[in-house]
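Here the structure comes first, spelled out in structure tokens, and everything after it is commentary.
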Amino acid sequence: MIQDRDKDFITSDEEKRKLIDAAGTEKDHKGADIVVVYDHTWGDVERSGLGNLSNNRMIKILTEKGVAENSVLRFDYDPRSYINNVKRLRIHRQGGGVEELDVSVYHDVSQPESMLYWRVKMKLYSLPHLQVGDALEWETFKKGFNVAYLDSGKGKNEASGSIDPDTWVDPETGIKPPMYGAFFDIVYFREKVPIKEKRYTLLSPKDMPLSYEFYNGECRSYCLVDDSYYTYSWEKKDIEGYKPEARMPGEQTAKPKLLVSSIHDWKEKSRWFYRVNETQFEWNDEIKQLVDKVTAPFKTDDEKVNALLHWSAQEIRYIGFSICQGEGYTLHPGIMTYDERGGVCKDYAGVLITLLRAAGYEAYAAQTQALEPVHRIPADQFNHCVTAWRKPDGTWKMLDPTWAPFSMDVWDSAETEQNYLIGAPEGVDLGVTREFTPEDSLMKITASSKIEADGKVSGQIDFWGKGRSDSSHRFIKAWAPAVIVDRAYQSMLAEIDPAIRVLKVENSDVNDLLKNYQNHLEYQVDEYALKTGQTYRLRIPMSRFIMAPTIARYLTMAEEDERKFDLFVVFRQLVEVEEDIILPKGYTLISKPVELDLSNEVAEFSARLTPAERGLKFQARFAIKVRRVKTSQYKAYKELTEKARELAERWFIIQKTDASNCG
């Protein structure tokens, strides 16, 4: 066993007590409710790809809140993929002594689920009352397969000789691996609570070396070799806990992590993903008739493909059920999804592939990681399935029907520079989508407003968008009940003035995905311009309107003075504004005109307020040039957004002058 090869693992209660005492108190950990004294995982990799992983973890309770939050322990597992047995559960009391708990007493129940009903389970252990200073220790054993998407061809089992990797089932657990011979794991080395020490150790056969890489930080590591095995180990100490921040990147990019895999080539994975799903895309006469009907109005291949994509996006309901052994990586038959009109991302992709093939196009399933990068180590880093169309010239066009409902896009601009792996018969390498520019998500606003002699302002706003700026406004009308839609526009216009009255809301057809979505708003505020003698004080309506989070969204995100994590903006955006402001007759601007030009490596903001024939003209341009504002860039980004906010809050003075010809 691997624990016999590594003498550093803790075995004596005396040594554990020393570590508990050395772990400190709440004062040592900046208000944390618990501290992880140690977290050690060790295991071996079988030639089948099955992993045998033992874990020994101990936490120390630091506060009463920590007591309450650890009154029940939860251990998740998926009966179709792996077992997760609790081997030992102990309490090290603050005053000395160790209580051994009965691990056979627990509740085995289904995990809470919503929209995805895949029958995953959890074991719940109710614990005796803990006290501050107590330490809780447990040992678990996990045996099974991670949801890998690989196949390395024929393999051998030392005990049974030649085997069929497509039908092999582990005799001990009854679990069938996605492939024979593929092992992978993703291990995170940071949590919300502090960790004094974390170690992960693997033993693999000499003829089954592992590829690995550590990301988002550093760790101590080594590899030992003897006549039969490789022993790999990774260790990190004194890891600070973290407090999640609004709009921080996902854990794939925010935490130190280890990727390890027995497969060394993405093309190998590509070939497997093709082979395991190729039989799922047959079609029948009913589907062929639908395809002919949907594509009939269009002439070019791109138009026909787009039409089939949007049929798939609009007509399939998002809901998932576990119905087969390989649920995590096997696409359901396209005919079944077509008949049931329901599924998850892989079913959206599968029914679109079925429609495209019925139309005579070459299409395959592809895996991707939504909003996160995929690294070069071929561990399973995917959480999303899309469609790849091979065009007649041999180039690929990526299509995502899951994100396309009520969107003109065939690939969402929030998925820019996203890695993907196509399940192609010849095997292809990891690809990446193109970089979307701010212009790809343009928001164009044209407005006019009129200041009356009594200070009332009435105005109208017309705006439309491209890319994400288009779809985000379609979503307001498409997904929400009517009362929510009304509130959305009321909230949007309330940025101009809280007392605003919405007079009219008009939108173009939300279902027309061939034209940009048009929005027309009309409003009125009774006491907008404040009169004192022969002068009025007023703010520029559109400089305030763009502060609505659904308009120039990135201007509203710099909420913290500083950040410990990058700010994830998600998509680049350009907002262009033009407003004509009609002033009362005889009035002109006496405040200094606005002329701002601000730019840094992440964002731009320019604005002009100048006299015009009948009053004032306001023009502005706002652009966010990155999807992710690094912590080193955050200060400059915040300063720029504050300038925009200052302009929105600035009062301008207009005054009656005999020389004015305004009217």
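Chain lettering (A, B, ...) mirrors the order of the structure tokens, residue numbering begins at 1 for each chain separately, and ligand numbering begins at 1 in order of display.
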Residue neighbourhood A:Met542, 8 Å, only C-alpha atoms, exclusion window fewer than 5 positions, as JSON, numbers by chain: {"A": [447, 496, 577, 579, 618]}
Dump as a CSV table (one decimal), in the first residue's frame, selection limited to all heavy atoms:
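part-v9.csv written:
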chain,number,residue,atom,x,y,z
A,447,ALA,N,-31.0,59.5,-27.8
A,447,ALA,CA,-32.0,60.0,-26.9
A,447,ALA,C,-32.2,61.5,-27.2
A,447,ALA,O,-31.4,62.2,-27.8
A,447,ALA,CB,-31.6,59.8,-25.5
A,496,ILE,N,-32.1,57.8,-14.0
A,496,ILE,CA,-32.2,59.2,-14.3
A,496,ILE,C,-32.7,60.0,-13.1
A,496,ILE,O,-32.2,61.1,-12.8
A,496,ILE,CB,-33.1,59.4,-15.6
A,496,ILE,CG1,-32.5,58.7,-16.8
A,496,ILE,CG2,-33.3,60.9,-15.9
A,496,ILE,CD1,-33.4,58.7,-18.0
A,577,VAL,N,-23.4,56.8,-26.9
A,577,VAL,CA,-24.5,57.5,-26.5
A,577,VAL,C,-24.5,58.9,-27.2
A,577,VAL,O,-23.5,59.5,-27.3
A,577,VAL,CB,-24.5,57.8,-24.9
A,577,VAL,CG1,-25.8,58.5,-24.5
A,577,VAL,CG2,-24.3,56.5,-24.2
A,579,GLU,N,-27.3,62.3,-27.1
A,579,GLU,CA,-28.5,62.9,-26.6
A,579,GLU,C,-28.6,64.4,-27.0
A,579,GLU,O,-27.6,65.1,-26.8
A,579,GLU,CB,-28.5,62.8,-25.0
A,579,GLU,CG,-29.8,63.4,-24.4
A,579,GLU,CD,-29.8,63.3,-22.9
A,579,GLU,OE1,-28.7,63.1,-22.3
A,579,GLU,OE2,-30.9,63.5,-22.3
A,618,PHE,N,-25.1,66.0,-25.8
A,618,PHE,CA,-24.3,65.1,-25.0
A,618,PHE,C,-23.9,63.9,-25.8
A,618,PHE,O,-24.7,63.2,-26.4
A,618,PHE,CB,-25.0,64.7,-23.7
A,618,PHE,CG,-24.2,63.7,-22.9
A,618,PHE,CD1,-23.1,64.1,-22.2
A,618,PHE,CD2,-24.6,62.4,-22.8
A,618,PHE,CE1,-22.4,63.2,-21.4
A,618,PHE,CE2,-23.9,61.5,-22.0
A,618,PHE,CZ,-22.8,61.9,-21.3
Selection: 12 Å around stretch 311-318 of chain A, only C-alpha atoms, excl. self and same-chain fewer than 5 positions, as a ChimeraX atom specification: /A:114-117,287,290-291,293-295,304-306,334,336-356,386-387,399-411,478-479,510-513
Who sits within 8 Å of stretch 60-72 of chain A, only C-alpha atoms, same chain under 4 positions skipped, as a PyMOL selection string: chain A and resi 20+23+25-26+32-37+124-136
Shell around stretch 44-52 of chain A at 7 Å using only C-alpha atoms, local window under 3 positions removed, as JSON, numbers by chain: {"A": [2, 142, 143, 144, 145, 157, 180, 181, 182, 183, 202, 203, 204]}
Residue subset to file, keeping all heavy atoms, as a short mmCIF file (atom, residue, chain, number, x, y, z; two decimals), in the first residue's frame:
data_model
loop_
_atom_site.label_atom_id
_atom_site.label_comp_id
_atom_site.auth_asym_id
_atom_site.auth_seq_id
_atom_site.Cartn_x
_atom_site.Cartn_y
_atom_site.Cartn_z
N ILE A 2 0.33 2.33 -0.54
CA ILE A 2 1.13 3.53 -0.70
C ILE A 2 1.52 4.15 0.64
O ILE A 2 2.59 4.72 0.80
CB ILE A 2 0.39 4.55 -1.58
CG1 ILE A 2 1.35 5.67 -1.96
CG2 ILE A 2 -0.83 5.09 -0.89
CD1 ILE A 2 0.80 6.57 -3.02
N LYS A 142 -12.29 6.45 -1.24
CA LYS A 142 -13.02 6.64 -2.48
C LYS A 142 -12.45 5.70 -3.53
O LYS A 142 -11.25 5.67 -3.77
CB LYS A 142 -12.90 8.10 -2.95
CG LYS A 142 -13.52 8.37 -4.31
CD LYS A 142 -13.31 9.83 -4.71
CE LYS A 142 -13.77 10.09 -6.14
NZ LYS A 142 -13.53 11.48 -6.56
N LYS A 143 -13.34 4.93 -4.15
CA LYS A 143 -12.91 3.99 -5.19
C LYS A 143 -13.82 4.17 -6.39
O LYS A 143 -15.05 4.14 -6.26
CB LYS A 143 -12.99 2.55 -4.69
CG LYS A 143 -12.52 1.50 -5.71
CD LYS A 143 -12.69 0.10 -5.14
CE LYS A 143 -12.22 -0.96 -6.13
NZ LYS A 143 -10.77 -1.02 -6.24
N GLY A 144 -13.23 4.39 -7.54
CA GLY A 144 -14.05 4.54 -8.73
C GLY A 144 -13.34 5.34 -9.80
O GLY A 144 -12.12 5.43 -9.84
N PHE A 145 -14.16 5.94 -10.67
CA PHE A 145 -13.65 6.67 -11.82
C PHE A 145 -14.18 8.08 -11.80
O PHE A 145 -15.36 8.31 -11.54
CB PHE A 145 -14.08 6.00 -13.13
CG PHE A 145 -13.60 4.59 -13.27
CD1 PHE A 145 -14.37 3.53 -12.82
CD2 PHE A 145 -12.37 4.31 -13.83
CE1 PHE A 145 -13.93 2.22 -12.94
CE2 PHE A 145 -11.93 3.02 -13.96
CZ PHE A 145 -12.70 1.97 -13.51
N ASN A 157 -5.22 -6.30 -18.32
CA ASN A 157 -5.35 -6.40 -16.89
C ASN A 157 -4.46 -7.54 -16.44
O ASN A 157 -4.54 -8.65 -16.97
CB ASN A 157 -6.81 -6.67 -16.51
CG ASN A 157 -7.01 -6.73 -15.01
OD1 ASN A 157 -6.53 -7.65 -14.37
ND2 ASN A 157 -7.72 -5.75 -14.49
N TYR A 180 -11.02 2.39 -20.50
CA TYR A 180 -10.10 1.54 -19.75
C TYR A 180 -8.71 2.17 -19.82
O TYR A 180 -8.20 2.45 -20.90
CB TYR A 180 -10.07 0.13 -20.35
CG TYR A 180 -9.17 -0.82 -19.59
CD1 TYR A 180 -9.68 -1.61 -18.57
CD2 TYR A 180 -7.82 -0.91 -19.90
CE1 TYR A 180 -8.87 -2.47 -17.86
CE2 TYR A 180 -7.00 -1.77 -19.19
CZ TYR A 180 -7.52 -2.55 -18.18
OH TYR A 180 -6.71 -3.40 -17.48
N GLY A 181 -8.11 2.42 -18.68
CA GLY A 181 -6.73 2.89 -18.63
C GLY A 181 -6.56 4.38 -18.44
O GLY A 181 -5.43 4.86 -18.45
N ALA A 182 -7.66 5.13 -18.27
CA ALA A 182 -7.54 6.58 -18.12
C ALA A 182 -7.85 6.99 -16.69
O ALA A 182 -8.91 6.72 -16.16
CB ALA A 182 -8.49 7.29 -19.07
N PHE A 183 -6.90 7.65 -16.06
CA PHE A 183 -7.09 8.22 -14.73
C PHE A 183 -6.80 9.72 -14.82
O PHE A 183 -5.88 10.14 -15.52
CB PHE A 183 -6.13 7.59 -13.72
CG PHE A 183 -6.14 8.28 -12.38
CD1 PHE A 183 -7.06 7.93 -11.41
CD2 PHE A 183 -5.24 9.31 -12.10
CE1 PHE A 183 -7.07 8.57 -10.17
CE2 PHE A 183 -5.24 9.95 -10.87
CZ PHE A 183 -6.17 9.58 -9.90
N LEU A 202 0.19 10.03 -5.01
CA LEU A 202 -0.31 8.97 -5.89
C LEU A 202 0.80 7.98 -6.20
O LEU A 202 1.96 8.35 -6.38
CB LEU A 202 -0.81 9.56 -7.22
CG LEU A 202 -2.18 10.23 -7.25
CD1 LEU A 202 -2.43 10.81 -8.64
CD2 LEU A 202 -3.29 9.26 -6.87
N LEU A 203 0.40 6.73 -6.31
CA LEU A 203 1.28 5.65 -6.74
C LEU A 203 0.73 5.10 -8.05
O LEU A 203 -0.45 4.77 -8.13
CB LEU A 203 1.30 4.55 -5.68
CG LEU A 203 2.17 3.32 -5.92
CD1 LEU A 203 3.62 3.69 -5.73
CD2 LEU A 203 1.78 2.21 -4.95
N SER A 204 1.56 5.05 -9.11
CA SER A 204 1.09 4.51 -10.39
C SER A 204 2.10 3.50 -10.92
O SER A 204 3.31 3.58 -10.62
CB SER A 204 0.90 5.64 -11.41
OG SER A 204 2.14 6.18 -11.81
#
Those of stretch 298-363 of chain A in DSSP strand (DSSP E or B), formatted as a PyMOL selection string: chain A and resi 317-318+320-321+342-343+362-363
Output N, CA, C and O atoms of each residue in that selection to a file, as a compact mmCIF listing (two decimals), in the first residue's frame.
# COMPACT_ATOMS: atom_id res chain seq x y z
N ARG A 317 -36.39 22.39 -24.01
CA ARG A 317 -36.46 22.90 -22.64
C ARG A 317 -35.27 22.37 -21.85
O ARG A 317 -34.89 21.21 -21.98
N TYR A 318 -34.67 23.23 -21.00
CA TYR A 318 -33.50 22.81 -20.23
C TYR A 318 -33.94 22.03 -19.00
O TYR A 318 -34.47 22.58 -18.04
N GLY A 320 -32.62 17.97 -17.08
CA GLY A 320 -31.79 16.78 -17.27
C GLY A 320 -32.15 15.66 -16.33
O GLY A 320 -32.39 15.87 -15.14
N PHE A 321 -32.20 14.44 -16.87
CA PHE A 321 -32.43 13.23 -16.08
C PHE A 321 -31.33 12.23 -16.35
O PHE A 321 -30.79 12.16 -17.46
N GLY A 342 -36.67 18.07 -24.37
CA GLY A 342 -36.02 18.45 -23.13
C GLY A 342 -34.63 17.85 -23.04
O GLY A 342 -34.37 16.77 -23.58
N GLY A 343 -33.74 18.54 -22.35
CA GLY A 343 -32.39 18.02 -22.17
C GLY A 343 -31.48 19.08 -21.60
O GLY A 343 -31.90 20.20 -21.29
N GLU A 362 -21.72 18.20 -42.11
CA GLU A 362 -20.86 17.39 -41.26
C GLU A 362 -20.72 18.09 -39.91
O GLU A 362 -20.20 19.20 -39.83
N ALA A 363 -21.17 17.43 -38.86
CA ALA A 363 -21.17 18.06 -37.55
C ALA A 363 -20.85 17.03 -36.48
O ALA A 363 -21.19 15.84 -36.62
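Those residues in stretch 308-357 of chain A carrying a DSSP assignment of alpha helix (DSSP H), computed from the backbone, are Leu308, Leu309, His310, Trp311, Ser312, Ala313, Gln314, Glu315, Gly334, Ile335, Met336, Thr337, Tyr338, Asp339, Glu340, Cys345, Lys346, Asp347, Tyr348, Ala349, Gly350, Val351, Leu352, Ile353, Thr354, Leu355, Leu356 and Arg357 of chain A.
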Suppose we keep N, CA and C atoms; can you now write the selection as a CSV table (one decimal), in the first residue's frame?
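So the final result, stored in selection_28.csv, reads:
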chain,number,residue,atom,x,y,z
A,308,LEU,N,-31.2,26.3,-38.1
A,308,LEU,CA,-31.3,25.0,-37.4
A,308,LEU,C,-30.8,25.1,-35.9
A,309,LEU,N,-29.8,25.9,-35.7
A,309,LEU,CA,-29.3,26.2,-34.4
A,309,LEU,C,-30.4,26.9,-33.5
A,310,HIS,N,-31.0,27.9,-34.1
A,310,HIS,CA,-32.0,28.6,-33.3
A,310,HIS,C,-33.3,27.8,-33.1
A,311,TRP,N,-33.6,26.9,-34.0
A,311,TRP,CA,-34.7,26.0,-33.7
A,311,TRP,C,-34.4,25.1,-32.5
A,312,SER,N,-33.2,24.6,-32.5
A,312,SER,CA,-32.7,23.7,-31.3
A,312,SER,C,-32.8,24.5,-30.0
A,313,ALA,N,-32.3,25.8,-30.1
A,313,ALA,CA,-32.2,26.6,-28.9
A,313,ALA,C,-33.6,27.0,-28.4
A,314,GLN,N,-34.5,27.3,-29.3
A,314,GLN,CA,-35.8,27.7,-28.9
A,314,GLN,C,-36.8,26.6,-28.5
A,315,GLU,N,-36.6,25.4,-29.1
A,315,GLU,CA,-37.6,24.4,-28.9
A,315,GLU,C,-37.3,23.3,-27.9
A,334,GLY,N,-30.3,11.9,-30.7
A,334,GLY,CA,-31.0,13.1,-31.2
A,334,GLY,C,-32.5,12.9,-31.3
A,335,ILE,N,-32.9,11.7,-31.8
A,335,ILE,CA,-34.3,11.4,-32.0
A,335,ILE,C,-35.1,11.5,-30.6
A,336,MET,N,-34.5,11.0,-29.6
A,336,MET,CA,-35.1,11.1,-28.2
A,336,MET,C,-35.3,12.5,-27.8
A,337,THR,N,-34.2,13.3,-27.9
A,337,THR,CA,-34.3,14.7,-27.5
A,337,THR,C,-35.4,15.4,-28.3
A,338,TYR,N,-35.4,15.1,-29.6
A,338,TYR,CA,-36.4,15.8,-30.5
A,338,TYR,C,-37.8,15.4,-30.0
A,339,ASP,N,-38.0,14.1,-29.7
A,339,ASP,CA,-39.4,13.7,-29.2
A,339,ASP,C,-39.7,14.3,-27.9
A,340,GLU,N,-38.8,14.3,-26.9
A,340,GLU,CA,-39.0,14.7,-25.6
A,340,GLU,C,-39.0,16.2,-25.4
A,345,CYS,N,-27.1,20.6,-21.9
A,345,CYS,CA,-26.3,21.1,-22.9
A,345,CYS,C,-25.9,20.1,-24.0
A,346,LYS,N,-25.6,18.9,-23.5
A,346,LYS,CA,-25.2,17.8,-24.5
A,346,LYS,C,-26.4,17.4,-25.4
A,347,ASP,N,-27.6,17.5,-24.8
A,347,ASP,CA,-28.8,17.2,-25.6
A,347,ASP,C,-29.1,18.3,-26.7
A,348,TYR,N,-28.9,19.5,-26.3
A,348,TYR,CA,-29.0,20.6,-27.2
A,348,TYR,C,-28.0,20.4,-28.4
A,349,ALA,N,-26.8,20.1,-28.0
A,349,ALA,CA,-25.8,19.9,-29.0
A,349,ALA,C,-26.1,18.7,-29.8
A,350,GLY,N,-26.6,17.6,-29.2
A,350,GLY,CA,-26.9,16.3,-30.0
A,350,GLY,C,-28.0,16.5,-30.9
A,351,VAL,N,-29.1,17.2,-30.5
A,351,VAL,CA,-30.2,17.4,-31.5
A,351,VAL,C,-29.8,18.3,-32.6
A,352,LEU,N,-29.0,19.3,-32.3
A,352,LEU,CA,-28.5,20.1,-33.4
A,352,LEU,C,-27.6,19.3,-34.4
A,353,ILE,N,-26.8,18.5,-33.9
A,353,ILE,CA,-26.0,17.6,-34.8
A,353,ILE,C,-26.9,16.8,-35.7
A,354,THR,N,-27.9,16.2,-35.1
A,354,THR,CA,-28.9,15.4,-35.8
A,354,THR,C,-29.5,16.2,-36.9
A,355,LEU,N,-30.0,17.4,-36.6
A,355,LEU,CA,-30.6,18.2,-37.6
A,355,LEU,C,-29.6,18.6,-38.7
A,356,LEU,N,-28.4,19.0,-38.3
A,356,LEU,CA,-27.4,19.4,-39.3
A,356,LEU,C,-27.1,18.2,-40.3
A,357,ARG,N,-26.9,17.0,-39.7
A,357,ARG,CA,-26.6,15.8,-40.5
A,357,ARG,C,-27.8,15.5,-41.5
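With only C-alpha atoms taken into account, the protein and nucleic acid residues at most 9 Å from A:Gly459 (excluding it and anything under 2 positions from it in its own chain) are Ala447, Ser448, Ser449, Lys450, Ile451, Val457, Ile461, Leu521, Glu522, Tyr523, Gln524, Pro541 and Ile581 of chain A.
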Could you write out that same residue set with N, CA and C atoms as a PDB file, in the first residue's frame?
ATOM      1  N   ALA A 447     -30.992  59.520 -27.837  1.00  0.00           N
ATOM      2  CA  ALA A 447     -32.025  60.038 -26.945  1.00  0.00           C
ATOM      3  C   ALA A 447     -32.245  61.519 -27.191  1.00  0.00           C
ATOM      4  N   SER A 448     -33.395  61.984 -26.748  1.00  0.00           N
ATOM      5  CA  SER A 448     -33.691  63.418 -26.740  1.00  0.00           C
ATOM      6  C   SER A 448     -34.475  63.732 -25.477  1.00  0.00           C
ATOM      7  N   SER A 449     -34.246  64.912 -24.934  1.00  0.00           N
ATOM      8  CA  SER A 449     -34.967  65.328 -23.732  1.00  0.00           C
ATOM      9  C   SER A 449     -35.276  66.818 -23.843  1.00  0.00           C
ATOM     10  N   LYS A 450     -36.343  67.209 -23.176  1.00  0.00           N
ATOM     11  CA  LYS A 450     -36.780  68.603 -23.240  1.00  0.00           C
ATOM     12  C   LYS A 450     -37.056  69.109 -21.834  1.00  0.00           C
ATOM     13  N   ILE A 451     -36.381  70.214 -21.487  1.00  0.00           N
ATOM     14  CA  ILE A 451     -36.583  70.843 -20.182  1.00  0.00           C
ATOM     15  C   ILE A 451     -37.644  71.929 -20.335  1.00  0.00           C
ATOM     16  N   VAL A 457     -38.962  67.575 -17.062  1.00  0.00           N
ATOM     17  CA  VAL A 457     -38.234  67.025 -18.198  1.00  0.00           C
ATOM     18  C   VAL A 457     -39.037  65.868 -18.775  1.00  0.00           C
ATOM     19  N   ILE A 461     -35.940  57.582 -25.415  1.00  0.00           N
ATOM     20  CA  ILE A 461     -34.679  56.873 -25.589  1.00  0.00           C
ATOM     21  C   ILE A 461     -34.899  55.724 -26.558  1.00  0.00           C
ATOM     22  N   LEU A 521     -38.218  53.921 -25.197  1.00  0.00           N
ATOM     23  CA  LEU A 521     -38.752  54.307 -23.898  1.00  0.00           C
ATOM     24  C   LEU A 521     -39.102  55.788 -23.906  1.00  0.00           C
ATOM     25  N   GLU A 522     -40.189  56.134 -23.258  1.00  0.00           N
ATOM     26  CA  GLU A 522     -40.556  57.531 -23.057  1.00  0.00           C
ATOM     27  C   GLU A 522     -40.816  57.749 -21.573  1.00  0.00           C
ATOM     28  N   TYR A 523     -40.376  58.919 -21.072  1.00  0.00           N
ATOM     29  CA  TYR A 523     -40.446  59.153 -19.636  1.00  0.00           C
ATOM     30  C   TYR A 523     -40.722  60.618 -19.345  1.00  0.00           C
ATOM     31  N   GLN A 524     -40.991  60.884 -18.057  1.00  0.00           N
ATOM     32  CA  GLN A 524     -41.216  62.257 -17.603  1.00  0.00           C
ATOM     33  C   GLN A 524     -40.868  62.353 -16.124  1.00  0.00           C
ATOM     34  N   PRO A 541     -29.444  63.643 -18.414  1.00  0.00           N
ATOM     35  CA  PRO A 541     -30.186  62.383 -18.272  1.00  0.00           C
ATOM     36  C   PRO A 541     -29.422  61.150 -18.743  1.00  0.00           C
ATOM     37  N   ILE A 581     -30.548  67.771 -25.915  1.00  0.00           N
ATOM     38  CA  ILE A 581     -31.275  68.322 -24.774  1.00  0.00           C
ATOM     39  C   ILE A 581     -31.809  69.696 -25.171  1.00  0.00           C
TER      40      ILE A 581
END
